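Okay, run-v7.tsv now, which holds TSV, C-alpha atoms and all ligand atoms:
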```
chain	number	residue	atom	x	y	z
A	9	MET	CA	-31.10	56.90	-6.50
A	10	VAL	CA	-32.48	55.33	-3.36
A	11	ARG	CA	-30.09	54.45	-0.55
A	12	VAL	CA	-30.51	51.65	1.97
A	13	LYS	CA	-29.28	52.13	5.53
A	14	SER	CA	-29.51	49.21	7.92
A	15	PHE	CA	-29.46	49.01	11.70
A	16	VAL	CA	-29.33	45.93	13.91
A	17	PHE	CA	-31.71	46.30	16.86
A	18	ASN	CA	-33.08	44.52	19.93
A	19	PRO	CA	-32.04	41.16	21.43
A	20	PHE	CA	-33.29	39.36	18.28
A	21	SER	CA	-30.64	41.14	16.14
A	22	GLU	CA	-33.35	42.38	13.82
A	23	ASN	CA	-32.50	44.49	10.77
A	24	THR	CA	-34.30	47.81	10.62
A	25	TYR	CA	-33.99	49.72	7.34
A	26	ILE	CA	-34.21	53.37	6.41
A	27	LEU	CA	-34.62	54.06	2.69
A	28	HIS	CA	-34.05	57.57	1.40
A	29	ASP	CA	-33.35	59.33	-1.87
A	30	ASP	CA	-32.27	62.70	-3.22
A	31	SER	CA	-35.61	64.24	-2.27
A	32	GLY	CA	-34.60	63.89	1.39
A	33	GLU	CA	-37.70	61.86	2.15
A	34	ALA	CA	-37.17	58.70	4.18
A	35	VAL	CA	-39.18	55.57	4.86
A	36	MET	CA	-38.60	53.34	7.88
A	37	ILE	CA	-39.08	49.63	7.40
A	38	ASP	CA	-39.57	47.20	10.32
A	39	PRO	CA	-38.35	49.51	13.08
A	40	GLY	CA	-37.30	47.15	15.85
A	41	CYS	CA	-35.63	49.78	18.03
A	42	PHE	CA	-36.81	49.17	21.57
A	43	ASP	CA	-34.91	51.39	23.98
A	44	LYS	CA	-33.83	55.02	24.15
A	45	ALA	CA	-30.36	54.31	22.77
A	46	GLU	CA	-31.73	52.57	19.68
A	47	ILE	CA	-34.29	55.30	19.02
A	48	ALA	CA	-31.47	57.82	19.40
A	49	GLU	CA	-29.45	55.94	16.79
A	50	ILE	CA	-32.30	56.36	14.30
A	51	ALA	CA	-32.74	60.02	15.21
A	52	ALA	CA	-29.02	60.70	14.78
A	53	TYR	CA	-29.04	59.20	11.28
A	54	ILE	CA	-32.13	61.21	10.33
A	55	ASP	CA	-30.62	64.44	11.66
A	56	THR	CA	-27.12	63.94	10.25
A	57	ASN	CA	-28.48	63.28	6.78
A	58	ASN	CA	-31.13	65.96	7.03
A	59	LEU	CA	-33.93	63.51	6.22
A	60	LYS	CA	-37.66	63.90	6.43
A	61	PRO	CA	-39.34	60.68	7.58
A	62	VAL	CA	-42.67	60.27	5.79
A	63	HIS	CA	-43.89	56.74	6.54
A	64	ILE	CA	-43.32	53.49	8.40
A	65	ILE	CA	-44.03	50.31	6.44
A	66	ASN	CA	-43.60	46.76	7.71
A	67	THR	CA	-42.95	43.45	6.05
A	68	HIS	CA	-44.81	41.73	8.89
A	69	ALA	CA	-45.76	42.17	12.54
A	70	HIS	CA	-43.67	39.82	14.67
A	71	ILE	CA	-42.49	41.44	17.90
A	72	ASP	CA	-38.89	42.04	16.85
A	73	HIS	CA	-40.04	44.03	13.79
A	74	VAL	CA	-42.59	46.27	15.53
A	75	LEU	CA	-41.00	47.27	18.85
A	76	GLY	CA	-40.18	50.80	17.66
A	77	VAL	CA	-43.21	51.56	15.50
A	78	ALA	CA	-45.31	53.44	18.07
A	79	ALA	CA	-42.41	55.56	19.34
A	80	LEU	CA	-41.32	56.60	15.83
A	81	LYS	CA	-44.92	57.28	14.76
A	82	ARG	CA	-45.19	59.74	17.63
A	83	LYS	CA	-41.72	61.23	17.26
A	84	TYR	CA	-42.15	62.05	13.57
A	85	SER	CA	-45.98	62.18	13.30
A	86	ILE	CA	-45.95	59.70	10.43
A	87	PRO	CA	-48.40	56.95	9.41
A	88	PHE	CA	-47.85	53.20	9.66
A	89	ALA	CA	-48.86	50.65	7.05
A	90	LEU	CA	-49.04	46.84	7.25
A	91	HIS	CA	-50.75	44.06	5.30
A	92	GLN	CA	-54.22	43.44	6.69
A	93	LEU	CA	-53.60	39.73	7.24
A	94	ASP	CA	-50.86	40.58	9.75
A	95	GLU	CA	-53.11	42.77	11.87
A	96	PRO	CA	-53.98	39.84	14.20
A	97	LEU	CA	-50.25	39.25	14.72
A	98	LEU	CA	-49.75	42.88	15.70
A	99	LYS	CA	-52.69	42.68	18.13
A	100	ALA	CA	-51.20	39.52	19.64
A	101	VAL	CA	-47.81	41.05	20.45
A	102	LYS	CA	-48.96	42.51	23.77
A	103	THR	CA	-50.08	39.03	24.90
A	104	TYR	CA	-46.59	37.54	24.58
A	105	ALA	CA	-44.19	40.52	24.74
A	106	SER	CA	-43.46	40.02	28.44
A	107	ASN	CA	-42.42	36.40	27.77
A	108	TYR	CA	-39.50	37.89	25.88
A	109	GLY	CA	-38.76	40.50	28.53
A	110	PHE	CA	-40.50	43.43	26.83
A	111	ASN	CA	-42.86	44.92	29.36
A	112	GLY	CA	-45.65	47.31	28.41
A	113	PHE	CA	-45.57	46.87	24.64
A	114	ASP	CA	-46.67	50.10	22.99
A	115	GLU	CA	-49.13	48.88	20.33
A	116	PRO	CA	-49.16	51.15	17.27
A	117	GLU	CA	-52.30	51.94	15.33
A	118	ILE	CA	-52.36	50.88	11.68
A	119	ASP	CA	-53.12	53.80	9.39
A	120	SER	CA	-53.42	51.94	6.10
A	121	TYR	CA	-53.03	48.49	4.61
A	122	LEU	CA	-50.35	47.39	2.16
A	123	LYS	CA	-51.70	45.44	-0.80
A	124	GLU	CA	-49.97	43.21	-3.30
A	125	GLY	CA	-49.67	44.74	-6.74
A	126	GLU	CA	-49.69	48.27	-5.41
A	127	ILE	CA	-46.70	50.57	-5.55
A	128	PHE	CA	-45.57	52.36	-2.43
A	129	SER	CA	-43.95	55.65	-3.40
A	130	PHE	CA	-41.95	58.27	-1.52
A	131	GLY	CA	-39.70	61.01	-2.89
A	132	SER	CA	-38.78	59.78	-6.37
A	133	THR	CA	-38.65	56.11	-5.30
A	134	ASP	CA	-41.10	53.33	-6.12
A	135	LEU	CA	-41.38	50.09	-4.14
A	136	ASP	CA	-43.43	47.26	-5.63
A	137	ILE	CA	-45.37	45.42	-2.94
A	138	ILE	CA	-45.33	41.64	-3.29
A	139	PHE	CA	-47.25	39.21	-1.07
A	140	VAL	CA	-45.02	36.44	0.33
A	141	PRO	CA	-46.88	34.55	3.09
A	142	GLY	CA	-45.54	31.54	4.95
A	143	HIS	CA	-43.39	32.99	7.75
A	144	ALA	CA	-46.35	35.23	8.63
A	145	PRO	CA	-49.83	35.20	7.05
A	146	GLY	CA	-49.66	38.81	5.87
A	147	HIS	CA	-45.98	39.02	4.99
A	148	VAL	CA	-45.01	41.38	2.16
A	149	ALA	CA	-41.71	42.35	0.55
A	150	PHE	CA	-40.69	45.60	-1.15
A	151	VAL	CA	-38.95	45.53	-4.51
A	152	ASN	CA	-37.03	48.45	-5.98
A	153	HIS	CA	-36.23	47.81	-9.63
A	154	ALA	CA	-34.17	50.98	-10.15
A	155	ALA	CA	-31.57	50.00	-7.54
A	156	ARG	CA	-32.20	46.26	-8.00
A	157	PHE	CA	-33.03	45.07	-4.50
A	158	VAL	CA	-35.77	43.58	-2.37
A	159	ILE	CA	-36.43	44.28	1.30
A	160	GLY	CA	-37.51	40.75	2.10
A	161	GLY	CA	-38.24	40.60	5.83
A	162	ASP	CA	-38.10	37.08	7.29
A	163	VAL	CA	-38.81	35.15	4.10
A	164	LEU	CA	-35.38	34.38	2.65
A	165	PHE	CA	-32.09	34.64	4.53
A	166	ARG	CA	-28.52	34.05	3.47
A	167	LEU	CA	-28.38	30.23	3.25
A	168	SER	CA	-31.62	29.89	5.20
A	169	ILE	CA	-35.33	30.72	5.24
A	170	GLY	CA	-37.77	32.11	7.79
A	171	ARG	CA	-39.05	29.87	10.55
A	172	THR	CA	-42.58	28.59	10.23
A	173	ASP	CA	-43.23	27.24	13.74
A	174	LEU	CA	-44.75	30.51	14.95
A	175	PRO	CA	-48.52	31.12	14.85
A	176	GLY	CA	-49.67	31.67	11.27
A	177	GLY	CA	-46.56	30.05	9.81
A	178	ASN	CA	-46.70	27.45	7.04
A	179	HIS	CA	-43.60	25.82	5.60
A	180	ALA	CA	-45.06	24.78	2.25
A	181	THR	CA	-46.56	28.24	1.75
A	182	LEU	CA	-43.20	29.86	2.51
A	183	LEU	CA	-41.33	27.69	-0.01
A	184	GLU	CA	-43.99	28.47	-2.61
A	185	SER	CA	-43.70	32.21	-1.92
A	186	ILE	CA	-39.94	32.11	-2.38
A	187	ARG	CA	-40.13	30.01	-5.55
A	188	THR	CA	-42.84	32.02	-7.25
A	189	LYS	CA	-42.30	35.58	-5.96
A	190	ILE	CA	-38.66	35.93	-4.87
A	191	PHE	CA	-36.68	33.56	-7.10
A	192	THR	CA	-38.44	35.00	-10.14
A	193	LEU	CA	-36.57	38.28	-9.58
A	194	PRO	CA	-33.29	38.76	-11.50
A	195	ASP	CA	-30.24	36.95	-10.08
A	196	ASP	CA	-28.28	40.13	-9.36
A	197	TYR	CA	-30.96	41.67	-7.11
A	198	THR	CA	-29.76	42.17	-3.53
A	199	VAL	CA	-31.93	40.70	-0.78
A	200	TYR	CA	-31.96	42.80	2.40
A	201	ALA	CA	-33.37	40.39	4.96
A	202	GLY	CA	-34.86	40.85	8.40
A	203	HIS	CA	-31.87	39.19	10.05
A	204	MET	CA	-28.23	38.64	9.12
A	205	GLU	CA	-26.28	40.10	6.22
A	206	PRO	CA	-27.65	40.80	2.73
A	207	THR	CA	-27.51	38.20	-0.03
A	208	THR	CA	-28.52	37.99	-3.69
A	209	ILE	CA	-31.21	36.08	-5.55
A	210	GLY	CA	-28.63	34.24	-7.66
A	211	PHE	CA	-26.51	33.16	-4.68
A	212	GLU	CA	-29.53	31.73	-2.86
A	213	LYS	CA	-30.90	29.96	-5.93
A	214	LYS	CA	-27.55	28.21	-6.21
A	215	ASN	CA	-26.60	27.65	-2.57
A	216	ASN	CA	-29.62	27.82	-0.29
A	217	PRO	CA	-29.96	24.37	1.33
A	218	PHE	CA	-33.77	24.55	1.30
A	219	PHE	CA	-33.81	24.64	-2.51
A	220	ARG	CA	-31.27	22.03	-3.52
B	1	ZN	ZN	-40.64	37.35	11.82
```

Translate this file's structure into structure tokens.
Ligand SMILES: [Zn+2]
Amino acid sequence: MVRVKSFVFNPFSENTYILHDDSGEAVMIDPGCFDKAEIAEIAAYIDTNNLKPVHIINTHAHIDHVLGVAALKRKYSIPFALHQLDEPLLKAVKTYASNYGFNGFDEPEIDSYLKEGEIFSFGSTDLDIIFVPGHAPGHVAFVNHAARFVIGGDVLFRLSIGRTDLPGGNHATLLESIRTKIFTLPDDYTVYAGHMEPTTIGFEKKNNPFFR
């Protein structure tokens, strides 16, 4: 069965996830680690659990989710995949990184594109890719039906939703994505979001203030 390990990185308190299963293979999702200490935290987890990183995949390309991509690509010689519609966002990071105090952003190369309807597989684990734009134009989420969870990025948070005032954001599109792609998952599915603690589909359908 796949396991989900979360880390909280960088001044934005962004959740980085490592997924791994009995095969020992591991996938890194939204690595926001930005300094040596945070990279070392990832490396320690990989080493302690004897994991083999095989891929980096991102829900979207805002700065707080991509700060560690280039360093981990190099460290583990692994490819990076993103939805094509978020490529302009990734290219834009270097133009605003210093505004947030990140100097010399290390822009990673994209090795392949994630597409809705495709299944991303590693070890014995399958992740369904769903397209959930609104917070970012090329935002995707990863659903694992076996362990009943979704890695949702910045779409749906516990009692909140992603902001839509950033370039490429659209509030109506985000609400539509959540209604049609996220809330159609079973109520007991866990939502591992890009910020804050996990929640469930059922709890948010009932309590999220944006849907009452
Ligand atoms: Zn974001």

Applying 9 Å and all atoms listed in the file, which residues near A:Gly40 remain after dropping the ones on its own chain fewer than 6 positions away? List them as a list in words. Val16, Phe17, Asn18, Ser21, Glu22, Asn23, Thr24, Glu46, Ile71, Asp72, His73, Val74, Leu75, Gly76 and Val77 of chain A

Counting only C-alpha atoms and all ligand atoms, figure out which residue out of A:Thr67, A:Asn107, A:Thr188, A:Ser132 gets nearest to ligand ZN 1 (chain B).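 Under the stated criterion, the closest residue is A:Thr67.
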
Residues up to 8 Å from ligand ZN 1 (chain B), counting all atoms listed in the file: could you list those as an MDAnalysis selection string? chainID A and resid 68:73 143:144 161:162 170:171 202

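Compared by their closest atoms to A:Ala34, and using all atoms listed in the file, the residues A:Phe139, A:Phe218, A:Tyr53, A:Phe20 rank with A:Tyr53 nearest.
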
Enclose all atoms of stretch 181-196 of chain A listed in the file in an axis-aligned box, grow every side by 5 Å, and hand back centre and edge lengths in Å to one decimal, as AutoDock Vina command-line options.
```
--center_x -37.4 --center_y 33.9 --center_z -4.5 --size_x 28.3 --size_y 22.4 --size_z 24.0
```

Could you give me, as an mmCIF file with C-alpha atoms, keeping the file's coordinate frame, the residues within 8 Å of A:Phe157, counting only C-alpha atoms and dropping anything in the same chain fewer than 3 positions from it?
```cif
data_model
loop_
_atom_site.group_PDB
_atom_site.id
_atom_site.type_symbol
_atom_site.label_atom_id
_atom_site.label_comp_id
_atom_site.auth_asym_id
_atom_site.auth_seq_id
_atom_site.Cartn_x
_atom_site.Cartn_y
_atom_site.Cartn_z
ATOM 1 C CA VAL A 151 -38.950 45.530 -4.510
ATOM 2 C CA ASN A 152 -37.030 48.450 -5.980
ATOM 3 C CA HIS A 153 -36.230 47.810 -9.630
ATOM 4 C CA TYR A 197 -30.960 41.670 -7.110
ATOM 5 C CA THR A 198 -29.760 42.170 -3.530
ATOM 6 C CA VAL A 199 -31.930 40.700 -0.780
ATOM 7 C CA TYR A 200 -31.960 42.800 2.400
#
```

Which neighbours of stretch 172-177 of chain A fall inside 9 Å, counting all atoms listed in the file, when residues of the same chain fewer than 2 positions from it are skipped, and could you give them as a VMD selection string? chain A and resid 97 141 to 146 170 179 181 to 182

Within 12 Å of (-31.9, 57.6, 12.5), only C-alpha atoms: residues as JSON, numbers by chain? {"A": [13, 14, 15, 24, 25, 26, 27, 28, 34, 35, 36, 37, 39, 41, 45, 46, 47, 48, 49, 50, 51, 52, 53, 54, 55, 56, 57, 58, 59, 60, 61, 76, 80, 83, 84]}

Mind running stretch 14-68 of chain A against stretch 119-127 of chain A at 10 Å and telling me each contacting residue's nearest atom pair with the distance in Å (one decimal), counting all atoms listed in the file, chain and number ascending, as CSV?
```
residue,atom,partner,partner_atom,distance
A:Ile64,CA,A:Asp119,CA,9.9
A:Ile65,CA,A:Leu122,CA,8.2
A:Asn66,CA,A:Leu122,CA,8.8
A:Thr67,CA,A:Leu122,CA,9.2
```

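Interatomic distance, atom CA of A:Ile190 against atom CA of A:Ile118: 26.2 Å.
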
Select all residues near (-30.9, 35.4, 7.7) (cut-off 9 Å, inclusive, file coordinates), counting only C-alpha atoms, and output them as a PyMOL selection string. chain A and resi 162-170+201-207

Any idea what the distance is between atom CA of A:Ile138 and atom CA of A:Ile209?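 Straight-line distance from atom CA of A:Ile138 to atom CA of A:Ile209 works out to 15.3 Å.
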
With N, CA and C atoms as the goal, would you fill in the gaps in stretch 77-89 of chain A and present it as a compact mmCIF listing (two decimals), keeping the file's coordinate frame?
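Wrote selection.txt, looks like this:
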```txt
# COMPACT_ATOMS: atom_id res chain seq x y z
N VAL A 77 -42.25 50.88 16.38
CA VAL A 77 -43.21 51.56 15.50
C VAL A 77 -43.94 52.70 16.21
N ALA A 78 -44.51 52.42 17.38
CA ALA A 78 -45.31 53.44 18.07
C ALA A 78 -44.47 54.67 18.42
N ALA A 79 -43.26 54.43 18.93
CA ALA A 79 -42.41 55.56 19.34
C ALA A 79 -42.04 56.44 18.14
N LEU A 80 -41.72 55.81 17.01
CA LEU A 80 -41.32 56.60 15.83
C LEU A 80 -42.52 57.29 15.19
N LYS A 81 -43.70 56.63 15.26
CA LYS A 81 -44.92 57.28 14.76
C LYS A 81 -45.14 58.60 15.49
N ARG A 82 -44.98 58.54 16.82
CA ARG A 82 -45.19 59.74 17.63
C ARG A 82 -44.10 60.77 17.39
N LYS A 83 -42.86 60.30 17.38
CA LYS A 83 -41.72 61.23 17.26
C LYS A 83 -41.79 62.03 15.97
N TYR A 84 -42.18 61.37 14.87
CA TYR A 84 -42.15 62.05 13.57
C TYR A 84 -43.55 62.34 13.00
N SER A 85 -44.59 61.98 13.77
CA SER A 85 -45.98 62.18 13.30
C SER A 85 -46.17 61.61 11.90
N ILE A 86 -45.84 60.33 11.74
CA ILE A 86 -45.95 59.70 10.43
C ILE A 86 -46.86 58.47 10.53
N PRO A 87 -47.49 58.10 9.41
CA PRO A 87 -48.40 56.95 9.41
C PRO A 87 -47.66 55.61 9.29
N PHE A 88 -48.39 54.56 9.64
CA PHE A 88 -47.85 53.20 9.66
C PHE A 88 -48.74 52.31 8.79
N ALA A 89 -48.10 51.55 7.92
CA ALA A 89 -48.86 50.65 7.05
C ALA A 89 -48.35 49.21 7.17
```
